[in-house]
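Next comes start.txt, a file with compact mmCIF, C-alpha atoms.
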```
# COMPACT_ATOMS: atom_id res chain seq x y z
CA MET A 1 -99.03 -102.32 143.20
CA ARG A 2 -101.58 -104.14 141.07
CA PHE A 3 -100.45 -106.49 138.34
CA LEU A 4 -103.87 -107.68 137.19
CA PRO A 5 -106.32 -105.61 135.12
CA ASP A 6 -109.57 -104.68 136.81
CA ALA A 7 -113.00 -105.52 135.41
CA GLU A 8 -113.23 -102.33 133.34
CA GLN A 9 -109.79 -102.86 131.83
CA ARG A 10 -110.59 -106.49 131.00
CA GLU A 11 -113.78 -105.43 129.25
CA PHE A 12 -111.83 -102.83 127.28
CA THR A 13 -109.32 -105.40 126.05
CA ARG A 14 -112.07 -107.90 125.22
CA SER A 15 -113.90 -105.35 123.10
CA LEU A 16 -110.66 -104.36 121.36
CA ASP A 17 -109.85 -108.02 120.69
CA ALA A 18 -113.33 -108.60 119.23
CA MET A 19 -113.02 -105.57 116.96
CA LEU A 20 -109.58 -106.58 115.69
CA THR A 21 -110.71 -110.16 115.14
CA SER A 22 -113.62 -109.00 113.00
CA ALA A 23 -111.34 -106.68 111.03
CA GLY A 24 -109.35 -109.54 109.46
CA THR A 25 -105.96 -108.00 110.21
CA PRO A 26 -103.80 -110.47 108.20
CA ALA A 27 -105.30 -109.18 104.95
CA VAL A 28 -104.87 -105.59 106.16
CA VAL A 29 -101.21 -106.23 107.01
CA ARG A 30 -100.52 -107.73 103.59
CA ALA A 31 -102.13 -104.76 101.85
CA TRP A 32 -100.10 -102.36 104.01
CA SER A 33 -96.91 -104.21 103.06
CA ARG A 34 -97.71 -103.56 99.38
CA GLY A 35 -98.22 -99.85 100.04
CA GLU A 36 -102.01 -100.10 99.84
CA HIS A 37 -103.00 -97.95 102.80
CA ALA A 38 -106.79 -97.75 102.55
CA PRO A 39 -107.57 -100.93 104.58
CA GLY A 40 -104.98 -99.94 107.17
CA ARG A 41 -106.36 -96.42 107.49
CA ALA A 42 -109.85 -97.85 107.98
CA LEU A 43 -108.51 -100.10 110.75
CA TRP A 44 -106.62 -97.13 112.21
CA SER A 45 -109.89 -95.21 112.51
CA ARG A 46 -111.53 -98.12 114.32
CA ILE A 47 -108.59 -98.39 116.73
CA ALA A 48 -108.88 -94.67 117.41
CA GLU A 49 -112.64 -94.93 117.94
CA ALA A 50 -111.90 -97.52 120.63
CA GLY A 51 -109.91 -94.78 122.41
CA VAL A 52 -106.41 -96.25 122.05
CA PHE A 53 -104.57 -93.12 120.87
CA ALA A 54 -106.54 -90.89 123.21
CA LEU A 55 -104.92 -92.76 126.12
CA ALA A 56 -101.65 -90.93 125.40
CA VAL A 57 -103.29 -87.49 125.11
CA ALA A 58 -104.31 -85.32 128.04
CA GLN A 59 -107.98 -84.49 128.54
CA GLU A 60 -107.37 -80.80 127.86
CA TYR A 61 -106.53 -81.78 124.27
CA GLU A 62 -109.58 -84.04 123.84
CA GLY A 63 -107.82 -87.17 125.04
CA LEU A 64 -108.43 -89.64 127.86
CA GLY A 65 -105.00 -89.72 129.44
CA PRO A 66 -102.31 -89.97 130.09
CA ARG A 67 -103.17 -93.58 131.02
CA PRO A 68 -100.11 -95.79 130.45
CA VAL A 69 -101.63 -98.95 131.95
CA GLU A 70 -104.62 -98.95 129.60
CA LEU A 71 -102.29 -98.06 126.73
CA ALA A 72 -100.09 -101.06 127.49
CA LEU A 73 -103.11 -103.37 127.66
CA SER A 74 -104.37 -102.09 124.31
CA PHE A 75 -100.98 -102.53 122.66
CA VAL A 76 -100.86 -106.15 123.79
CA GLU A 77 -104.02 -106.67 121.73
CA LEU A 78 -102.61 -104.69 118.80
CA GLY A 79 -99.55 -106.96 118.85
CA ARG A 80 -101.67 -110.06 119.18
CA HIS A 81 -103.46 -109.13 115.96
CA ALA A 82 -100.34 -107.75 114.19
CA ALA A 83 -102.02 -104.40 113.51
CA PRO A 84 -99.89 -102.36 111.07
CA GLY A 85 -98.93 -98.69 111.10
CA PRO A 86 -96.82 -96.31 113.20
CA LEU A 87 -98.60 -97.18 116.44
CA ALA A 88 -95.83 -96.56 118.98
CA GLU A 89 -94.61 -93.63 116.89
CA THR A 90 -97.98 -91.89 117.12
CA VAL A 91 -97.85 -92.31 120.90
CA ALA A 92 -94.33 -90.88 120.97
CA ALA A 93 -95.39 -87.97 118.77
CA ALA A 94 -98.27 -87.19 121.13
CA VAL A 95 -95.93 -87.10 124.12
CA LEU A 96 -93.41 -84.94 122.23
CA LEU A 97 -96.05 -82.44 121.17
CA ALA A 98 -97.40 -82.22 124.71
CA GLY A 99 -93.90 -81.32 125.91
CA ALA A 100 -93.14 -78.84 123.13
CA ALA A 101 -92.48 -75.22 124.05
CA GLY A 102 -95.79 -73.40 124.36
CA PRO A 103 -99.29 -74.82 123.89
CA GLY A 104 -99.44 -74.07 120.17
CA PRO A 105 -98.24 -77.41 118.72
CA ALA A 106 -100.27 -79.39 121.27
CA LYS A 107 -103.51 -77.55 120.48
CA ARG A 108 -102.81 -77.79 116.79
CA PHE A 109 -102.15 -81.51 116.51
CA LEU A 110 -103.14 -83.48 119.62
CA PRO A 111 -106.94 -83.48 119.15
CA SER A 112 -106.62 -85.02 115.70
CA LEU A 113 -104.07 -87.55 116.95
CA ALA A 114 -106.46 -88.61 119.71
CA SER A 115 -109.37 -88.96 117.30
CA GLY A 116 -107.37 -90.92 114.72
CA ALA A 117 -107.88 -88.30 112.02
CA THR A 118 -104.09 -87.84 111.96
CA MET A 119 -101.51 -90.61 111.75
CA ALA A 120 -98.08 -89.54 113.00
CA THR A 121 -94.57 -90.84 112.67
CA LEU A 122 -91.29 -89.72 114.12
CA ALA A 123 -87.60 -89.72 113.25
CA ALA A 124 -85.92 -89.55 116.63
CA GLY A 125 -82.61 -88.04 115.57
CA PRO A 126 -80.43 -87.03 112.61
CA GLY A 127 -80.24 -89.79 110.01
CA ALA A 128 -82.92 -91.88 111.72
CA TYR A 129 -85.64 -93.51 109.66
CA ALA A 130 -89.31 -92.92 110.34
CA LEU A 131 -91.78 -95.77 110.31
CA ASP A 132 -94.44 -95.55 107.58
CA GLY A 133 -93.51 -92.03 106.58
CA ASP A 134 -95.22 -92.64 103.25
CA ALA A 135 -98.58 -93.17 105.00
CA ALA A 136 -98.38 -90.71 107.91
CA ASP A 137 -100.13 -87.34 107.84
CA LEU A 138 -97.84 -85.83 110.46
CA ARG A 139 -94.09 -86.39 110.14
CA LEU A 140 -92.00 -85.11 113.03
CA ALA A 141 -88.21 -84.97 113.12
CA LEU A 142 -86.01 -84.30 116.12
CA THR A 143 -83.17 -82.19 114.73
CA PRO A 144 -80.29 -80.37 116.43
CA ASP A 145 -82.25 -77.09 116.27
CA GLY A 146 -85.52 -78.50 117.60
CA LEU A 147 -88.69 -80.33 116.66
CA ARG A 148 -89.53 -79.92 112.99
CA LEU A 149 -92.56 -80.72 110.89
CA ALA A 150 -90.96 -82.63 107.99
CA PRO A 151 -92.29 -81.68 104.55
CA GLY A 152 -92.41 -85.26 103.29
CA ALA A 153 -90.78 -88.67 103.21
CA GLY A 154 -88.23 -90.27 100.95
CA PRO A 155 -88.46 -93.68 99.27
CA VAL A 156 -89.35 -96.74 101.32
CA ARG A 157 -86.33 -98.76 102.41
CA ALA A 158 -86.21 -102.54 102.73
CA SER A 159 -87.21 -103.86 106.14
CA LEU A 160 -87.16 -107.28 107.75
CA ASP A 161 -90.88 -106.85 108.40
CA PRO A 162 -92.49 -105.75 105.12
CA ALA A 163 -95.33 -104.14 107.07
CA ARG A 164 -92.86 -101.85 108.85
CA ARG A 165 -92.05 -99.48 106.00
CA LEU A 166 -88.97 -97.43 106.88
CA THR A 167 -88.57 -94.04 105.22
CA PRO A 168 -86.16 -91.12 105.60
CA LEU A 169 -87.82 -87.77 106.24
CA LEU A 170 -87.07 -84.86 103.95
CA PRO A 171 -84.99 -82.06 105.52
CA GLY A 172 -86.31 -78.65 106.39
CA GLY A 173 -89.90 -77.97 107.24
CA GLU A 174 -91.59 -75.84 109.87
CA LEU A 175 -89.82 -75.51 113.20
CA LEU A 176 -92.41 -76.24 115.88
CA GLY A 177 -90.16 -75.18 118.72
CA PRO A 178 -86.88 -75.82 120.47
CA GLY A 179 -86.24 -79.49 121.02
CA PRO A 180 -88.46 -80.78 123.84
CA PRO A 181 -87.02 -83.49 126.10
CA SER A 182 -87.14 -86.70 124.09
CA ALA A 183 -86.84 -89.05 127.09
CA PRO A 184 -90.58 -89.09 127.96
CA ALA A 185 -91.52 -89.81 124.33
CA VAL A 186 -88.98 -92.63 124.10
CA LEU A 187 -90.26 -94.00 127.41
CA TRP A 188 -93.85 -94.20 126.16
CA ALA A 189 -92.81 -95.62 122.79
CA ARG A 190 -90.65 -98.23 124.50
CA LEU A 191 -93.52 -99.27 126.75
CA ALA A 192 -95.88 -99.53 123.77
CA THR A 193 -93.31 -101.61 121.88
CA ALA A 194 -92.83 -103.95 124.85
CA ALA A 195 -96.59 -104.48 125.16
CA GLN A 196 -96.90 -105.00 121.41
CA ALA A 197 -94.11 -107.60 121.50
CA LEU A 198 -95.86 -109.42 124.34
CA GLY A 199 -99.01 -109.63 122.23
CA VAL A 200 -97.00 -110.89 119.23
CA GLY A 201 -95.46 -113.63 121.38
CA LEU A 202 -98.84 -114.69 122.76
CA ALA A 203 -100.28 -114.92 119.24
CA LEU A 204 -97.34 -117.01 118.05
CA LEU A 205 -97.73 -119.36 121.00
CA ASP A 206 -101.49 -119.76 120.52
CA ARG A 207 -101.10 -120.49 116.82
CA THR A 208 -98.32 -122.98 117.44
CA VAL A 209 -100.24 -124.85 120.14
CA ALA A 210 -103.19 -125.13 117.77
CA TYR A 211 -100.97 -126.33 114.93
CA VAL A 212 -99.13 -129.06 116.85
CA GLY A 213 -102.48 -130.31 118.12
CA GLN A 214 -103.59 -130.87 114.52
CA ARG A 215 -100.39 -132.04 112.82
CA VAL A 216 -99.96 -135.82 113.04
CA GLN A 217 -96.77 -137.87 112.94
CA PHE A 218 -96.50 -141.60 113.61
CA GLY A 219 -100.25 -141.68 114.08
CA VAL A 220 -100.37 -139.18 116.96
CA PRO A 221 -100.48 -135.35 117.23
CA VAL A 222 -97.04 -133.74 117.28
CA GLY A 223 -98.14 -131.83 120.36
CA SER A 224 -98.12 -135.06 122.37
CA PHE A 225 -94.33 -135.40 122.03
CA GLN A 226 -92.48 -134.54 125.22
CA ALA A 227 -89.85 -132.41 123.48
CA VAL A 228 -92.54 -130.28 121.83
CA LYS A 229 -94.33 -129.82 125.15
CA HIS A 230 -91.11 -128.67 126.81
CA ARG A 231 -90.34 -126.09 124.12
CA LEU A 232 -93.86 -124.69 124.28
CA ALA A 233 -93.78 -124.65 128.08
CA ASP A 234 -90.54 -122.66 128.00
CA ALA A 235 -92.17 -120.14 125.65
CA ARG A 236 -95.24 -119.84 127.88
CA ILE A 237 -93.12 -119.30 130.99
CA ALA A 238 -91.04 -116.58 129.31
CA LEU A 239 -94.15 -114.72 128.14
CA GLU A 240 -95.88 -115.02 131.50
CA PHE A 241 -92.79 -113.68 133.27
CA ALA A 242 -92.75 -110.75 130.86
CA ARG A 243 -96.41 -109.85 131.41
CA PRO A 244 -96.08 -108.50 135.00
CA LEU A 245 -92.95 -106.59 134.02
CA VAL A 246 -94.88 -104.81 131.27
CA LEU A 247 -97.82 -104.00 133.53
CA GLY A 248 -95.54 -103.03 136.41
CA ALA A 249 -93.57 -100.69 134.14
CA ALA A 250 -96.83 -99.09 133.01
CA LEU A 251 -97.65 -98.40 136.65
CA THR A 252 -94.31 -96.86 137.59
CA MET A 253 -93.22 -95.38 134.22
CA ASP A 254 -89.67 -95.62 135.53
CA PRO A 255 -87.06 -95.73 132.73
CA ALA A 256 -85.30 -98.77 134.20
CA ASP A 257 -88.59 -100.63 134.68
CA VAL A 258 -89.70 -99.89 131.12
CA ALA A 259 -86.32 -100.97 129.74
CA ALA A 260 -86.53 -104.21 131.71
CA ALA A 261 -90.04 -104.80 130.39
CA LYS A 262 -88.91 -104.25 126.82
CA VAL A 263 -85.99 -106.66 127.13
CA SER A 264 -88.14 -109.32 128.76
CA ALA A 265 -91.12 -109.03 126.40
CA CYS A 266 -89.10 -108.72 123.19
CA GLU A 267 -86.73 -111.55 124.05
CA ALA A 268 -89.67 -113.77 125.05
CA ALA A 269 -91.46 -112.97 121.78
CA TYR A 270 -88.31 -113.60 119.75
CA ALA A 271 -87.70 -116.96 121.49
CA THR A 272 -91.33 -117.90 120.92
CA ALA A 273 -90.96 -117.00 117.25
CA ARG A 274 -88.00 -119.34 116.93
CA THR A 275 -89.96 -122.11 118.63
CA ALA A 276 -93.00 -121.47 116.44
CA LEU A 277 -90.88 -121.65 113.30
CA GLN A 278 -89.34 -124.95 114.36
CA MET A 279 -92.68 -126.46 115.38
CA HIS A 280 -94.31 -125.53 112.06
CA GLY A 281 -91.52 -126.91 109.93
CA ALA A 282 -91.21 -125.90 106.27
CA ILE A 283 -94.61 -124.22 106.11
CA GLY A 284 -93.44 -121.70 108.70
CA TYR A 285 -90.89 -120.32 106.23
CA THR A 286 -93.45 -119.42 103.58
CA ALA A 287 -94.47 -115.78 103.29
CA GLU A 288 -97.96 -116.82 102.19
CA TYR A 289 -98.63 -118.49 105.55
CA ASP A 290 -100.03 -116.03 108.08
CA LEU A 291 -97.56 -117.09 110.77
CA SER A 292 -94.91 -115.08 108.91
CA LEU A 293 -96.69 -111.83 109.81
CA TRP A 294 -95.94 -112.41 113.50
CA LEU A 295 -92.51 -113.99 112.96
CA THR A 296 -91.13 -110.93 111.21
CA ARG A 297 -92.85 -108.56 113.64
CA ALA A 298 -91.21 -110.28 116.64
CA ARG A 299 -87.78 -109.84 115.08
CA ALA A 300 -88.37 -106.20 114.12
CA LEU A 301 -89.76 -105.13 117.51
CA ARG A 302 -86.74 -106.62 119.26
CA THR A 303 -84.59 -103.66 118.18
CA ALA A 304 -87.26 -100.97 117.82
CA TRP A 305 -86.98 -98.13 120.36
CA GLY A 306 -83.93 -99.61 122.03
CA THR A 307 -81.88 -102.72 121.32
CA PRO A 308 -81.59 -105.43 124.00
CA GLN A 309 -78.07 -104.20 124.76
CA GLU A 310 -79.20 -100.59 125.20
CA CYS A 311 -82.10 -101.55 127.44
CA ARG A 312 -79.97 -103.87 129.58
CA ALA A 313 -77.43 -101.07 130.03
CA LEU A 314 -80.23 -98.76 131.14
CA VAL A 315 -81.46 -101.32 133.67
CA LEU A 316 -77.96 -101.76 135.06
CA SER A 317 -77.53 -98.00 135.35
CA GLY A 318 -80.74 -97.78 137.36
CA GLY A 319 -82.48 -95.58 134.78
CA ASP A 320 -79.95 -92.75 134.96
CA ARG A 321 -79.29 -92.81 131.22
CA ARG A 322 -82.06 -91.18 129.15
CA ARG A 323 -82.64 -92.44 125.60
```
Show this structure as structure tokens.
Amino acid sequence: MRFLPDAEQREFTRSLDAMLTSAGTPAVVRAWSRGEHAPGRALWSRIAEAGVFALAVAQEYEGLGPRPVELALSFVELGRHAAPGPLAETVAAAVLLAGAAGPGPAKRFLPSLASGATMATLAAGPGAYALDGDAADLRLALTPDGLRLAPGAGPVRASLDPARRLTPLLPGGELLGPGPPSAPAVLWARLATAAQALGVGLALLDRTVAYVGQRVQFGVPVGSFQAVKHRLADARIALEFARPLVLGAALTMDPADVAAAKVSACEAAYATARTALQMHGAIGYTAEYDLSLWLTRARALRTAWGTPQECRALVLSGGDRRR
């Protein structure tokens, strides 16, 4: 079992990082939070051109996958740059459509999902909210009678992370087929969320280390204080312990491994967010400061696609319980 990316995978993540850096994602995230989707759609197209969504789509439907390891590596970078949009939900939708009864839905939708021409979201059960239903082109709903193509989305509901716009899906719509097994879609979405959380935590740590190296108290940088070093070291250790769990889960795609990865990565990111907020002081609480984009994302991802309690229960059960 390999826990380190090879040369090709490292080059892929470097190129994705360079593209996202040049895109100025903080401004894109803020526009997305206001419901201005044009900058986010432009970024979505660039992410798709890099091949990210194609990694969840089989080659017979114009994809590159399924390649969960490369997908996890790409989602670490997406989390590091706080890219907005229904990223994990589009992956889950691709897996659901691939498992739908008959090849019709897959042929109809998967090529455009892989190319980025279509943005998808998913409500994974009755009464569940869909992420960014107001922006998505393809809205899928898992209902008691099967997988439906929702006709639209309701009003945006308040969310802890303003860039994660939760919407109910309107009832009815075309029935694409009897309900396909949802467990594989949840598995892929959970892996993507874990990798995204790892990237969020790494970004928070990097920004905090830079900040405490510049902020001065008593004539010396705050980062030279022993207590600050210890808190940052604890955050680094937690994130580095989470990294092999995420990559290992991408290799095995075992439900218990993926659940363990999600707990580890999301809890590490959340703990790093708390440390980052404390190290920044009052400025960390201001919405205008870019740190807030990662702080709220860390908290939101913690419960997305499985709460810590649900994932721990799945680990303890050995992966027998499908979610």
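Neighbours of stretch 29-32 of chain A closer than or equal to 10 Å, with all atoms listed in the file counted and sequence neighbours fewer than 3 positions away skipped, come out as Gly24, Thr25, Pro26, Gly35, Glu36, His37, Ala38, Pro39, Gly40, Arg41, His81, Ala82, Ala83, Pro84, Gly85, Asp132, Ala135, Pro162, Ala163, Arg164, Arg165, Glu288, Asp290 and Leu293 of chain A.
Between atom CA of A:Ala27 and atom CA of A:Gly281 the interatomic distance comes to 23.0 Å.
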*Would you mind telling me which residue in A:Ala210, A:Leu160, A:Leu55, A:Val76 lies nearest to A:Thr13 when using all atoms listed in the file?*
A:Val76
*Distance query A:Ala197 at most 9 Å, all atoms listed in the file, self and fewer than 5 positions along chain excluded, as JSON, numbers by chain*: {"A": [75, 76, 79, 80, 192, 202, 262, 265, 266, 267, 268, 269, 270, 297, 298, 301, 302]}
*asked:* When you count only C-alpha atoms, which of these residues is closest to A:Pro86: A:Ala194, A:Leu73, A:Leu314, A:Ala130?
replied: A:Ala130
*asked:* Nearest residue to A:Asp134 out of A:Val95, A:Val212, A:Ala120, A:Ala58, using all atoms listed in the file?
replied: A:Ala120
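For the residues A:Leu295, A:Leu251, A:Ala185, A:Ala136, ranking by smallest atom-to-atom distance to A:Gly99 using only C-alpha atoms places A:Ala185 first.
Taking all atoms listed in the file, the non-local environment of A:Thr167 within 7 Å (same-chain residues fewer than 4 positions away omitted) comprises A:Tyr129, A:Ala130, A:Leu131, A:Asp132, A:Gly133, A:Ala153, A:Gly154, A:Pro155, A:Val156, A:Arg157.
When all atoms listed in the file are used to compute distances to A:Leu97, the closest of the residues A:Ala250, A:Leu140, A:Val52, A:Leu191 turns out to be A:Leu140.
Taking atom CA of A:Ala256 as the reference point, atom CA of A:Glu60 is found at 29.2 Å.
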*In Å, how far is it from atom CA of A:Phe241 to atom CA of A:Ala261?*
9.7 Å
*Tell me, as a ChimeraX atom specification, which residues lie within 10 Å of A:Arg46, counting all atoms listed in the file; anything in the same chain fewer than 3 positions away does not count.*
/A:16,19-20,23,40-43,49-52,115-116
_Spatial sel., origin (-103.6, -109.4, 136.9), limit 12 Å, all atoms listed in the file, listed as number ranges by chain_ = A: 1-7, 9-10, 69, 73, 240, 243-248
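Taking all atoms listed in the file into account, A:Glu310 lies nearest to A:Ala260 out of the set A:Ala260, A:Leu205, A:Ala56, A:Leu175.
The environment of A:Ala117 within 12 Å, counting all atoms listed in the file and disregarding residues fewer than 4 places along the same chain, consists of Arg41, Ala42, Leu43, Trp44, Ser45, Arg46, Ile47, Ala48, Glu49, Phe53, Ala54, Thr90, Phe109, Leu110, Pro111, Ser112, Leu113, Ala136, Asp137 and Leu138 of chain A.
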Can you rebuild stretch 71-82 of chain A with N, CA and C atoms and give it as a JSON list (two decimals), keeping the file's coordinate frame?
```json
[["chain", "number", "residue", "atom", "x", "y", "z"],
["A", 71, "LEU", "N", -103.00, -98.07, 128.00],
["A", 71, "LEU", "CA", -102.29, -98.06, 126.73],
["A", 71, "LEU", "C", -101.52, -99.36, 126.54],
["A", 72, "ALA", "N", -100.84, -99.81, 127.59],
["A", 72, "ALA", "CA", -100.09, -101.06, 127.49],
["A", 72, "ALA", "C", -101.02, -102.24, 127.21],
["A", 73, "LEU", "N", -102.16, -102.29, 127.89],
["A", 73, "LEU", "CA", -103.11, -103.37, 127.66],
["A", 73, "LEU", "C", -103.62, -103.36, 126.22],
["A", 74, "SER", "N", -103.88, -102.18, 125.69],
["A", 74, "SER", "CA", -104.37, -102.09, 124.31],
["A", 74, "SER", "C", -103.29, -102.50, 123.32],
["A", 75, "PHE", "N", -102.04, -102.17, 123.59],
["A", 75, "PHE", "CA", -100.98, -102.53, 122.66],
["A", 75, "PHE", "C", -100.68, -104.02, 122.69],
["A", 76, "VAL", "N", -100.95, -104.70, 123.79],
["A", 76, "VAL", "CA", -100.86, -106.15, 123.79],
["A", 76, "VAL", "C", -101.82, -106.73, 122.75],
["A", 77, "GLU", "N", -103.04, -106.19, 122.71],
["A", 77, "GLU", "CA", -104.02, -106.67, 121.73],
["A", 77, "GLU", "C", -103.61, -106.29, 120.30],
["A", 78, "LEU", "N", -103.07, -105.10, 120.13],
["A", 78, "LEU", "CA", -102.61, -104.69, 118.80],
["A", 78, "LEU", "C", -101.49, -105.62, 118.31],
["A", 79, "GLY", "N", -100.60, -106.01, 119.21],
["A", 79, "GLY", "CA", -99.55, -106.96, 118.85],
["A", 79, "GLY", "C", -100.11, -108.34, 118.59],
["A", 80, "ARG", "N", -101.07, -108.74, 119.36],
["A", 80, "ARG", "CA", -101.67, -110.06, 119.18],
["A", 80, "ARG", "C", -102.30, -110.20, 117.79],
["A", 81, "HIS", "N", -102.82, -109.09, 117.27],
["A", 81, "HIS", "CA", -103.46, -109.13, 115.96],
["A", 81, "HIS", "C", -102.57, -108.57, 114.85],
["A", 82, "ALA", "N", -101.32, -108.24, 115.18],
["A", 82, "ALA", "CA", -100.34, -107.75, 114.19],
["A", 82, "ALA", "C", -100.82, -106.51, 113.45]]
```
